[in-house]
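S.K.: Structure incoming, see below.
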Amino acid sequence: MIAVKIGAKDDSPQRPNVLFMATYHAREWAATEVAIRLIKYLAAPPGSNPRVDSLIQSRDIWILPVANPDGYEYTFTADRLWRKTRSRQPGANVYGVDMNRNHRQNWGVDNIGSSPDPVSDIYRGPAPESEIEVRNVEAFHAAHPPVVSVSYHSYAGVVLWAPSAFNGPLPADLPVYRTLAGTNVRSAVRDNLPGSSRTYASPSTSWTLYLTNGEYNDWASARYGTVSFTTELTSGYTNGVFYGFEFPDDESQLQQLFNDNLPFALDAIECARDPLGYVSPTTFYHSDRIVLESVSPYVEATVPAASASHAAIAAPNPLSFRIDTANSGKYTRRLVTTNPLRPTSVSISAGGQTAAYSVLGVNGAEPADAGWTATQFTRDSTFFEAGKYSWYTASGGDLKSPVISVPSTADTVSLVFWTRYAGNGYTEQPNGDVNLSVDGGTTFQHVLRVQGAAPVFYPEQVTIGGVKGKQLVFDFVSNGLPWNLDEIAVVSHGAVTTTATSSATTLIPSENPVHHQIVYFPWPFGTGTGDILAYDFSGRLIWKTSVTAGGNVPWDLNSGHVANGVYVVIARSGGKTLRLKLFVVRDGS
């Protein structure tokens with residue numbers, strides 16, 4: 001098994017490891033091709049690309065283009081569609097184990113996510129780590145623990161992350177995963193192959209495609225805290241023709257496949273320095289330190305891992321909560337309150353910061369929950385997350401909120417809700433869209449999409465900035481998707497406050513990327529005075545303001561005629577300096 005290292009010859013703990021692998025499954029030749037092209041791209045002569053030069057100097061980048069060499073060879077000599085390894089198994093002429101069912105994490109927990117039958121393509125092997133290839137991969141991680149890893153497969157057109165063995169759970173590091181991979185509204189991987197059945201690779205937790213156990217992502221994230229992805233390349237179609245695993249031997253299409261996946265690969269390398277603090281130049285997403293995922297029937301939120309045990313939740317009185325240890329992350333932890341409630345306000349304190357939220361409205365399909373307009377959505381008493389009902393449609397229609405007024409004191413809102421649905425992870429259709437109007441229902445914009453298969457309820461959320469004083473209407477639209485919705489809540493964000501006794505560690509804008517006229521910076525230094533400055537990437541000072549009273553510091557982009565682009569924002573106080581990359585992607589509204 002040959003791995004290529006791109007970077008300095010020595011190993012240094014000062015340089016984070018990033019790992020790319022391909023061809024766990026022998027027949028997936030397109031995966032091998034992308035890995036080889038990535039080697040060539042990164043190994044270009046110095047000076048070809050300043051970003052690549054910087055990454056190579058500060059990262060240890062490892063690429064394993066063929067993780068299953070014996071099986072891969074067999075696809076050239078005997079069986080083009082062979083999947084497994086070539087180890088001898090019990091029975092007459094029985095060979096091979098599915099490497100991606102042979103890792104130790106959740107190995108063999110059921111016969112759905114893997115098979116005990118040696119003839120099966122998803123045979124998990126006689127024991128965990130029975131395959132020398134899997135043992136080699138695990139030994140490599142012990143020697144060079146990767147901060148981020150990407151395992152290339154084909155074909156499904158998705159970007160997946162753990163957990164994968166059970167329906168429903170979400171990783172605690174979900175903000176980090178979504179920052180890198182994006183969402184169905186803004187995915188990190190586009191699909192520009194001619195005639196593809198997809199326009200983007202759908203980013204999702206693995207079980208929305210199908211269940212797997214003994215899988216690599218589960219093992220790497222649980223054992224090493226690796227931010228690990230499975231990228232299923234391509235939709236399996238080109239020019240309207242289904243090719244499945246047999247990607248066309250066409251140079252232009254292979255290069256397009258690589259080009260579509262390159263931005264995500266570079267972001268994966270770049271974010272390894274600070275995954276929690278990373279802002280993606282591809283998705284424009286970033287990880288908030290406190291992310292509210294649900295307010296009813298339980299308050300759920302992710303907070304920095306180091307502060308989870310000292311966190312507090314109030315609504316408005318203190319609430320007891322547990323820390324989700326089954327799906328714990330390296331960078332964040334999930335807090336879940338222990339008693340059901342429907343609060344009118346919530347505050348979450350962690351790591352010296354307090355995030356306050358006001359609940360503007362909740363609807364759970366209960367008879368007393370009035371104001372929503374349902375077309376083809378009906379009350380379902382079979383499946384629900386709370387109460388006695390959820391909203392359900394079998395194949396279409398929409399569910400529209402009443403007009404929700406955002407107070408003049410709030411600039412950002414989150415829509416949080418519980419959902420289950422029965423789609424197809426291999427296609428963009430059917431799907432469910434969430435559209436938002438900021439003008440009382442006259443015009444709508446697309447803010448969230450769900451697709452794939454979610455047979456149990458789980459919490460979804462989307463955060464929208466720049467809505468101060470707006471009249472919001474949310475519209476859930478099923479595009480052929482059998483869809484349940486429950487405990488839909490709209491909450492407004494108050495200012496994120498920093499306790500005076502804590503040392504500030506982050507500068508968090510009201511939105512990033514910025515889509516609106518004004519962006520707000522909660523002053524991170526408590527009562528300390530100082531200033532905030534913004535520079536463009538040529539080093540030119542664009543904006544500066546003095547801060548004497550703390551609170552939310554506004555930057556009016558219109559007054560400064562600020563163009564779309566990337567800016568460095570710096571906050572200074574008493575010898576302390578915080579900085580961030582701010583993305584401005586306004587459409588002129």
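Letters A, B, ... mark the chains of the structure tokens in the order given; residue numbers begin at 1 per chain; ligand numbers begin at 1, in order shown.
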Running DSSP on the backbone, which parts of region 387-510 of chain A land in strand (DSSP E), as a ChimeraX atom specification?
M.R.: /A:390-393,396-400,404-405,412-422,431-437,445-450,453-465,471-479,483-493,497-498
S.K.: Give one line per residue of region 346-372 of chain A that approaches region 376-385 of chain A to at most 12 Å, naming the two atoms of the closest pair and their distance in Å to one decimal, counting only C-alpha atoms; sort by chain then ascending residue number and deliver it as CSV.
M.R.:
```
residue,atom,partner,partner_atom,distance
A:Asn363,CA,A:Arg379,CA,11.8
A:Gly364,CA,A:Glu385,CA,8.7
A:Ala365,CA,A:Arg379,CA,6.1
A:Glu366,CA,A:Arg379,CA,8.0
A:Pro367,CA,A:Arg379,CA,9.0
A:Asp369,CA,A:Arg379,CA,11.4
A:Trp372,CA,A:Phe377,CA,10.7
```
S.K.: Based on the backbone DSSP call, show me all residues of region 146-292 of chain A assigned helix (DSSP H, G or I), as a PyMOL selection string.
M.R.: chain A and resi 174-181+206-208+216-224+251-271+275-277
S.K.: Write the residues of the preceding selection, restricted to N, CA and C atoms, as a short mmCIF file (atom, residue, chain, number, x, y, z; two decimals), in the first residue's frame.
M.R.:
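As written to disk, result.cif reads:
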```
data_model
loop_
_atom_site.label_atom_id
_atom_site.label_comp_id
_atom_site.auth_asym_id
_atom_site.auth_seq_id
_atom_site.Cartn_x
_atom_site.Cartn_y
_atom_site.Cartn_z
N LEU A 174 -20.95 18.69 14.25
CA LEU A 174 -21.73 19.03 13.06
C LEU A 174 -21.42 20.43 12.52
N PRO A 175 -21.23 21.46 13.37
CA PRO A 175 -20.89 22.77 12.80
C PRO A 175 -19.61 22.75 11.97
N VAL A 176 -18.63 21.95 12.38
CA VAL A 176 -17.39 21.86 11.63
C VAL A 176 -17.62 21.15 10.30
N TYR A 177 -18.37 20.04 10.34
CA TYR A 177 -18.65 19.30 9.11
C TYR A 177 -19.40 20.15 8.11
N ARG A 178 -20.39 20.89 8.59
CA ARG A 178 -21.19 21.69 7.65
C ARG A 178 -20.41 22.91 7.16
N THR A 179 -19.49 23.41 7.95
CA THR A 179 -18.64 24.50 7.46
C THR A 179 -17.86 24.05 6.24
N LEU A 180 -17.29 22.86 6.30
CA LEU A 180 -16.46 22.37 5.20
C LEU A 180 -17.29 21.85 4.04
N ALA A 181 -18.24 20.95 4.31
CA ALA A 181 -18.97 20.29 3.24
C ALA A 181 -20.13 21.12 2.73
N SER A 206 -24.17 10.15 7.36
CA SER A 206 -24.13 8.96 6.51
C SER A 206 -25.43 8.18 6.47
N TRP A 207 -26.14 8.11 7.58
CA TRP A 207 -27.31 7.24 7.60
C TRP A 207 -28.44 7.73 6.72
N THR A 208 -28.38 8.98 6.23
CA THR A 208 -29.42 9.42 5.30
C THR A 208 -29.27 8.79 3.92
N TYR A 216 -15.24 3.40 8.12
CA TYR A 216 -14.04 4.20 8.39
C TYR A 216 -14.34 5.49 9.14
N ASN A 217 -15.32 6.28 8.67
CA ASN A 217 -15.57 7.58 9.30
C ASN A 217 -15.93 7.43 10.77
N ASP A 218 -16.78 6.44 11.09
CA ASP A 218 -17.14 6.20 12.48
C ASP A 218 -15.90 5.94 13.32
N TRP A 219 -15.02 5.09 12.79
CA TRP A 219 -13.82 4.72 13.54
C TRP A 219 -12.87 5.91 13.69
N ALA A 220 -12.56 6.62 12.61
CA ALA A 220 -11.57 7.70 12.66
C ALA A 220 -12.05 8.85 13.55
N SER A 221 -13.35 9.18 13.48
CA SER A 221 -13.84 10.29 14.30
C SER A 221 -13.92 9.90 15.77
N ALA A 222 -14.30 8.63 16.05
CA ALA A 222 -14.40 8.19 17.45
C ALA A 222 -13.03 7.98 18.07
N ARG A 223 -12.10 7.42 17.31
CA ARG A 223 -10.79 7.06 17.87
C ARG A 223 -9.83 8.25 17.94
N TYR A 224 -9.85 9.09 16.91
CA TYR A 224 -8.85 10.18 16.84
C TYR A 224 -9.48 11.57 16.78
N GLU A 251 -10.91 12.01 -20.95
CA GLU A 251 -10.04 12.94 -20.25
C GLU A 251 -10.78 14.20 -19.80
N SER A 252 -11.61 14.75 -20.65
CA SER A 252 -12.28 15.99 -20.28
C SER A 252 -13.24 15.77 -19.11
N GLN A 253 -13.92 14.62 -19.09
CA GLN A 253 -14.84 14.36 -18.00
C GLN A 253 -14.09 14.03 -16.70
N LEU A 254 -12.97 13.34 -16.81
CA LEU A 254 -12.17 13.06 -15.62
C LEU A 254 -11.62 14.36 -15.02
N GLN A 255 -11.18 15.27 -15.87
CA GLN A 255 -10.67 16.53 -15.37
C GLN A 255 -11.78 17.36 -14.75
N GLN A 256 -12.97 17.32 -15.34
CA GLN A 256 -14.10 18.03 -14.76
C GLN A 256 -14.46 17.47 -13.40
N LEU A 257 -14.43 16.14 -13.28
CA LEU A 257 -14.69 15.50 -11.99
C LEU A 257 -13.68 15.98 -10.95
N PHE A 258 -12.43 16.03 -11.31
CA PHE A 258 -11.40 16.51 -10.39
C PHE A 258 -11.62 17.98 -10.04
N ASN A 259 -11.89 18.80 -11.04
CA ASN A 259 -12.09 20.23 -10.80
C ASN A 259 -13.26 20.48 -9.86
N ASP A 260 -14.32 19.69 -10.00
CA ASP A 260 -15.49 19.86 -9.14
C ASP A 260 -15.16 19.56 -7.68
N ASN A 261 -14.22 18.64 -7.45
CA ASN A 261 -13.90 18.21 -6.09
C ASN A 261 -12.69 18.92 -5.50
N LEU A 262 -11.96 19.68 -6.31
CA LEU A 262 -10.74 20.33 -5.83
C LEU A 262 -10.99 21.37 -4.74
N PRO A 263 -11.98 22.27 -4.86
CA PRO A 263 -12.15 23.27 -3.80
C PRO A 263 -12.36 22.65 -2.42
N PHE A 264 -13.14 21.57 -2.34
CA PHE A 264 -13.37 20.90 -1.06
C PHE A 264 -12.07 20.30 -0.53
N ALA A 265 -11.26 19.72 -1.41
CA ALA A 265 -9.98 19.15 -0.99
C ALA A 265 -9.05 20.22 -0.42
N LEU A 266 -8.96 21.36 -1.08
CA LEU A 266 -8.09 22.43 -0.58
C LEU A 266 -8.60 22.99 0.74
N ASP A 267 -9.92 23.12 0.86
CA ASP A 267 -10.48 23.60 2.13
C ASP A 267 -10.18 22.61 3.26
N ALA A 268 -10.27 21.30 2.96
CA ALA A 268 -9.98 20.29 3.98
C ALA A 268 -8.54 20.43 4.48
N ILE A 269 -7.62 20.69 3.57
CA ILE A 269 -6.22 20.88 3.96
C ILE A 269 -6.07 22.16 4.79
N GLU A 270 -6.69 23.22 4.32
CA GLU A 270 -6.51 24.51 4.98
C GLU A 270 -7.11 24.53 6.38
N CYS A 271 -8.27 23.91 6.56
CA CYS A 271 -8.96 24.01 7.85
C CYS A 271 -8.27 23.21 8.95
N PRO A 275 -9.95 23.73 12.83
CA PRO A 275 -11.26 23.37 12.27
C PRO A 275 -12.42 24.17 12.84
N LEU A 276 -12.41 24.45 14.14
CA LEU A 276 -13.53 25.15 14.74
C LEU A 276 -13.56 26.62 14.35
N GLY A 277 -12.41 27.20 14.08
CA GLY A 277 -12.35 28.62 13.74
C GLY A 277 -12.34 28.89 12.25
#
```
S.K.: Point out the residue among A:Thr205, A:Ser405, A:Thr234, A:Thr32 with the least atom-to-atom distance to Asp191 (chain A), counting only C-alpha atoms.
M.R.: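 Of A:Thr205, A:Ser405, A:Thr234, A:Thr32, the one nearest Asp191 (chain A), counting only C-alpha atoms, is A:Thr234.
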S.K.: Wanna dump the region 132-236 of chain A-region 56-76 of chain A contacts at 12 Å for me, each residue with its shortest atom pair and the distance in Å to one decimal, counting only C-alpha atoms, ordered by chain and number, as JSON lines?
M.R.:
```
{"residue": "A:Ile132", "atom": "CA", "partner": "A:Asn68", "partner_atom": "CA", "distance": 9.8}
{"residue": "A:Glu133", "atom": "CA", "partner": "A:Asn68", "partner_atom": "CA", "distance": 6.7}
{"residue": "A:Val134", "atom": "CA", "partner": "A:Ala67", "partner_atom": "CA", "distance": 8.6}
{"residue": "A:Arg135", "atom": "CA", "partner": "A:Ala67", "partner_atom": "CA", "distance": 11.2}
{"residue": "A:Asn136", "atom": "CA", "partner": "A:Ala67", "partner_atom": "CA", "distance": 9.3}
{"residue": "A:Val137", "atom": "CA", "partner": "A:Ala67", "partner_atom": "CA", "distance": 8.1}
{"residue": "A:Glu138", "atom": "CA", "partner": "A:Ala67", "partner_atom": "CA", "distance": 11.8}
{"residue": "A:Phe140", "atom": "CA", "partner": "A:Trp62", "partner_atom": "CA", "distance": 10.3}
{"residue": "A:His141", "atom": "CA", "partner": "A:Trp62", "partner_atom": "CA", "distance": 11.0}
{"residue": "A:His144", "atom": "CA", "partner": "A:Asp60", "partner_atom": "CA", "distance": 9.1}
{"residue": "A:Pro145", "atom": "CA", "partner": "A:Asp60", "partner_atom": "CA", "distance": 10.6}
{"residue": "A:Pro146", "atom": "CA", "partner": "A:Trp62", "partner_atom": "CA", "distance": 9.1}
{"residue": "A:Val147", "atom": "CA", "partner": "A:Arg59", "partner_atom": "CA", "distance": 10.3}
{"residue": "A:Val148", "atom": "CA", "partner": "A:Ile61", "partner_atom": "CA", "distance": 10.0}
{"residue": "A:Ser149", "atom": "CA", "partner": "A:Trp62", "partner_atom": "CA", "distance": 9.3}
{"residue": "A:Val150", "atom": "CA", "partner": "A:Ile63", "partner_atom": "CA", "distance": 9.5}
{"residue": "A:Ser151", "atom": "CA", "partner": "A:Leu64", "partner_atom": "CA", "distance": 9.3}
{"residue": "A:Tyr152", "atom": "CA", "partner": "A:Pro65", "partner_atom": "CA", "distance": 9.0}
{"residue": "A:His153", "atom": "CA", "partner": "A:Val66", "partner_atom": "CA", "distance": 11.0}
{"residue": "A:Tyr216", "atom": "CA", "partner": "A:Ala67", "partner_atom": "CA", "distance": 11.9}
```
S.K.: Counting only C-alpha atoms, which of A:His25, A:Arg334, A:Arg289, A:Arg420 gets nearest to Thr354 (chain A)?
M.R.: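 Once distances to Thr354 (chain A) are computed over only C-alpha atoms, the minimum belongs to A:Arg289.
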S.K.: Let me make sure I understand: among A:Pro171, A:Gly108, A:Gly469, A:Gly494, which one has the smallest atom-to-atom distance to Ala326 (chain A) if we use only C-alpha atoms?
M.R.: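 Closest to Ala326 (chain A), using only C-alpha atoms: A:Pro171.
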S.K.: Would you compute the distance between CA of Ala272 (chain A) and CA of Val34 (chain A)? Give it in Å to one decimal.
M.R.: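 These two atoms are separated by 20.5 Å.
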S.K.: Can you tell me how far CA of Leu211 (chain A) sits from CA of Ser197 (chain A), in Å to one decimal?
M.R.: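 According to the coordinates, CA of Leu211 (chain A) and CA of Ser197 (chain A) are separated by 23.0 Å.
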S.K.: With a distance cut-off of 9 Å and only C-alpha atoms, select the neighbouring residues of Ala127 (chain A), excluding the residue or stretch itself and same-chain residues fewer than 2 positions from it, and output the selection as a list in words.
M.R.: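 The residues that qualify are Asn102, Arg104, Trp107, Gly108, Arg124, Gly125, Glu129, Ser130 and Glu131 of chain A.
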S.K.: Would you save the residues of that selection, restricted to all heavy atoms, as a PDB file, in the first residue's frame?
M.R.:
```
ATOM      1  N   ASN A 102     -15.089  -3.269   8.025  1.00  0.00           N
ATOM      2  CA  ASN A 102     -14.147  -4.095   8.774  1.00  0.00           C
ATOM      3  C   ASN A 102     -13.408  -3.334   9.879  1.00  0.00           C
ATOM      4  O   ASN A 102     -12.601  -3.916  10.596  1.00  0.00           O
ATOM      5  CB  ASN A 102     -13.133  -4.717   7.795  1.00  0.00           C
ATOM      6  CG  ASN A 102     -12.291  -5.807   8.411  1.00  0.00           C
ATOM      7  OD1 ASN A 102     -11.054  -5.741   8.391  1.00  0.00           O
ATOM      8  ND2 ASN A 102     -12.920  -6.827   8.966  1.00  0.00           N
ATOM      9  N   ARG A 104     -13.050  -1.285  13.518  1.00  0.00           N
ATOM     10  CA  ARG A 104     -13.478  -1.739  14.846  1.00  0.00           C
ATOM     11  C   ARG A 104     -14.714  -1.026  15.369  1.00  0.00           C
ATOM     12  O   ARG A 104     -15.488  -1.609  16.126  1.00  0.00           O
ATOM     13  CB  ARG A 104     -12.317  -1.562  15.839  1.00  0.00           C
ATOM     14  CG  ARG A 104     -11.208  -2.578  15.648  1.00  0.00           C
ATOM     15  CD  ARG A 104     -10.037  -2.272  16.552  1.00  0.00           C
ATOM     16  NE  ARG A 104      -9.231  -1.168  16.042  1.00  0.00           N
ATOM     17  CZ  ARG A 104      -8.169  -0.668  16.681  1.00  0.00           C
ATOM     18  NH1 ARG A 104      -7.847  -1.133  17.878  1.00  0.00           N
ATOM     19  NH2 ARG A 104      -7.468   0.313  16.144  1.00  0.00           N
ATOM     20  N   TRP A 107     -18.399  -2.456  14.743  1.00  0.00           N
ATOM     21  CA  TRP A 107     -18.280  -3.612  13.858  1.00  0.00           C
ATOM     22  C   TRP A 107     -19.386  -4.631  14.169  1.00  0.00           C
ATOM     23  O   TRP A 107     -19.579  -5.032  15.320  1.00  0.00           O
ATOM     24  CB  TRP A 107     -16.907  -4.287  14.034  1.00  0.00           C
ATOM     25  CG  TRP A 107     -16.719  -5.470  13.120  1.00  0.00           C
ATOM     26  CD1 TRP A 107     -16.276  -5.453  11.828  1.00  0.00           C
ATOM     27  CD2 TRP A 107     -16.959  -6.846  13.427  1.00  0.00           C
ATOM     28  NE1 TRP A 107     -16.235  -6.719  11.308  1.00  0.00           N
ATOM     29  CE2 TRP A 107     -16.647  -7.600  12.268  1.00  0.00           C
ATOM     30  CE3 TRP A 107     -17.417  -7.521  14.569  1.00  0.00           C
ATOM     31  CZ2 TRP A 107     -16.776  -8.993  12.229  1.00  0.00           C
ATOM     32  CZ3 TRP A 107     -17.549  -8.896  14.525  1.00  0.00           C
ATOM     33  CH2 TRP A 107     -17.227  -9.622  13.367  1.00  0.00           C
ATOM     34  N   GLY A 108     -20.131  -5.021  13.168  1.00  0.00           N
ATOM     35  CA  GLY A 108     -21.106  -6.101  13.290  1.00  0.00           C
ATOM     36  C   GLY A 108     -22.247  -5.839  14.250  1.00  0.00           C
ATOM     37  O   GLY A 108     -22.822  -6.800  14.790  1.00  0.00           O
ATOM     38  N   ARG A 124     -18.554  -8.243   6.364  1.00  0.00           N
ATOM     39  CA  ARG A 124     -17.743  -7.482   7.324  1.00  0.00           C
ATOM     40  C   ARG A 124     -16.477  -8.202   7.754  1.00  0.00           C
ATOM     41  O   ARG A 124     -15.649  -7.617   8.460  1.00  0.00           O
ATOM     42  CB  ARG A 124     -18.589  -7.150   8.542  1.00  0.00           C
ATOM     43  CG  ARG A 124     -19.171  -8.338   9.269  1.00  0.00           C
ATOM     44  CD  ARG A 124     -19.997  -7.881  10.452  1.00  0.00           C
ATOM     45  NE  ARG A 124     -20.785  -8.929  11.078  1.00  0.00           N
ATOM     46  CZ  ARG A 124     -22.110  -9.009  11.000  1.00  0.00           C
ATOM     47  NH1 ARG A 124     -22.799  -8.122  10.303  1.00  0.00           N
ATOM     48  NH2 ARG A 124     -22.762  -9.981  11.607  1.00  0.00           N
ATOM     49  N   GLY A 125     -16.318  -9.453   7.378  1.00  0.00           N
ATOM     50  CA  GLY A 125     -15.148 -10.222   7.772  1.00  0.00           C
ATOM     51  C   GLY A 125     -15.406 -11.046   9.013  1.00  0.00           C
ATOM     52  O   GLY A 125     -16.386 -10.826   9.737  1.00  0.00           O
ATOM     53  N   GLU A 129     -11.081  -5.676  11.929  1.00  0.00           N
ATOM     54  CA  GLU A 129      -9.679  -5.476  11.547  1.00  0.00           C
ATOM     55  C   GLU A 129      -9.032  -6.782  11.091  1.00  0.00           C
ATOM     56  O   GLU A 129      -7.829  -6.978  11.237  1.00  0.00           O
ATOM     57  CB  GLU A 129      -8.903  -4.873  12.733  1.00  0.00           C
ATOM     58  CG  GLU A 129      -7.680  -4.095  12.355  1.00  0.00           C
ATOM     59  CD  GLU A 129      -6.907  -3.603  13.561  1.00  0.00           C
ATOM     60  OE1 GLU A 129      -7.397  -3.776  14.709  1.00  0.00           O
ATOM     61  OE2 GLU A 129      -5.816  -3.060  13.364  1.00  0.00           O
ATOM     62  N   SER A 130      -9.824  -7.675  10.505  1.00  0.00           N
ATOM     63  CA  SER A 130      -9.265  -8.940  10.006  1.00  0.00           C
ATOM     64  C   SER A 130      -8.399  -8.726   8.774  1.00  0.00           C
ATOM     65  O   SER A 130      -7.512  -9.547   8.487  1.00  0.00           O
ATOM     66  CB  SER A 130     -10.394  -9.919   9.674  1.00  0.00           C
ATOM     67  OG  SER A 130     -11.197  -9.431   8.608  1.00  0.00           O
ATOM     68  N   GLU A 131      -8.626  -7.642   8.042  1.00  0.00           N
ATOM     69  CA  GLU A 131      -7.920  -7.420   6.776  1.00  0.00           C
ATOM     70  C   GLU A 131      -6.635  -6.641   6.999  1.00  0.00           C
ATOM     71  O   GLU A 131      -6.610  -5.639   7.731  1.00  0.00           O
ATOM     72  CB  GLU A 131      -8.824  -6.674   5.796  1.00  0.00           C
ATOM     73  CG  GLU A 131     -10.123  -7.404   5.517  1.00  0.00           C
ATOM     74  CD  GLU A 131      -9.885  -8.844   5.094  1.00  0.00           C
ATOM     75  OE1 GLU A 131      -9.466  -9.050   3.933  1.00  0.00           O
ATOM     76  OE2 GLU A 131     -10.109  -9.754   5.926  1.00  0.00           O
TER      77      GLU A 131
END
```
S.K.: Distance CA of Phe444 (chain A)-CA of Gln471 (chain A), one decimal place?
M.R.: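 CA of Gln471 (chain A) lies at a distance of 11.8 Å from CA of Phe444 (chain A).
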S.K.: List as number ranges by chain the protein and nucleic acid residues near region 560-567 of chain A, meaning an atom at most 7 Å away when only C-alpha atoms are counted, but skip any in the same chain fewer than 3 places from it.
M.R.: A: 534-537, 556-557, 581-586
S.K.: My list of candidates is A:Ser120, A:Trp391, A:Arg186, A:Ala78. Which is closest to Pro281 (chain A) when distances are computed with only C-alpha atoms?
M.R.: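 With only C-alpha atoms as the atom set, the closest residue is A:Arg186.
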S.K.: With distances taken over only C-alpha atoms, which residue among A:Phe521, A:Tyr95, A:Phe476, A:Tyr24 lies nearest Thr419 (chain A)?
M.R.: A:Phe476
S.K.: Point out the residue among A:Val514, A:Leu578, A:Ala22, A:Val362 with the least atom-to-atom distance to Ile464 (chain A), counting only C-alpha atoms.
M.R.: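 Distance minimum relative to Ile464 (chain A) lands on A:Val514.
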S.K.: Neighbouring residues of region 448-454 of chain A were defined as those with any atom within 7 Å, considering only C-alpha atoms; residues of the same chain fewer than 4 positions away were excluded. Please report them as a list in words.
M.R.: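 Once the nearby chain positions are removed, what remains is Asn184, Val185, Thr208, Leu209, Arg420, Tyr421, Ala422, Gly423, Asn424, Gly425, Glu428, Pro430, Asn431, Gly432, Asp433, Val434 and Val462 of chain A.
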S.K.: Need to verify the contact set: Lys84 (chain A), 7 Å, only C-alpha atoms, exclusion of same-chain residues closer than 4 positions in sequence. Can you return it as a list in words?
M.R.: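 These residues fall inside the cut-off: His25, Ala26, Gly71, Gly96, Val97, Asp98, Met99 and Asp121 of chain A.
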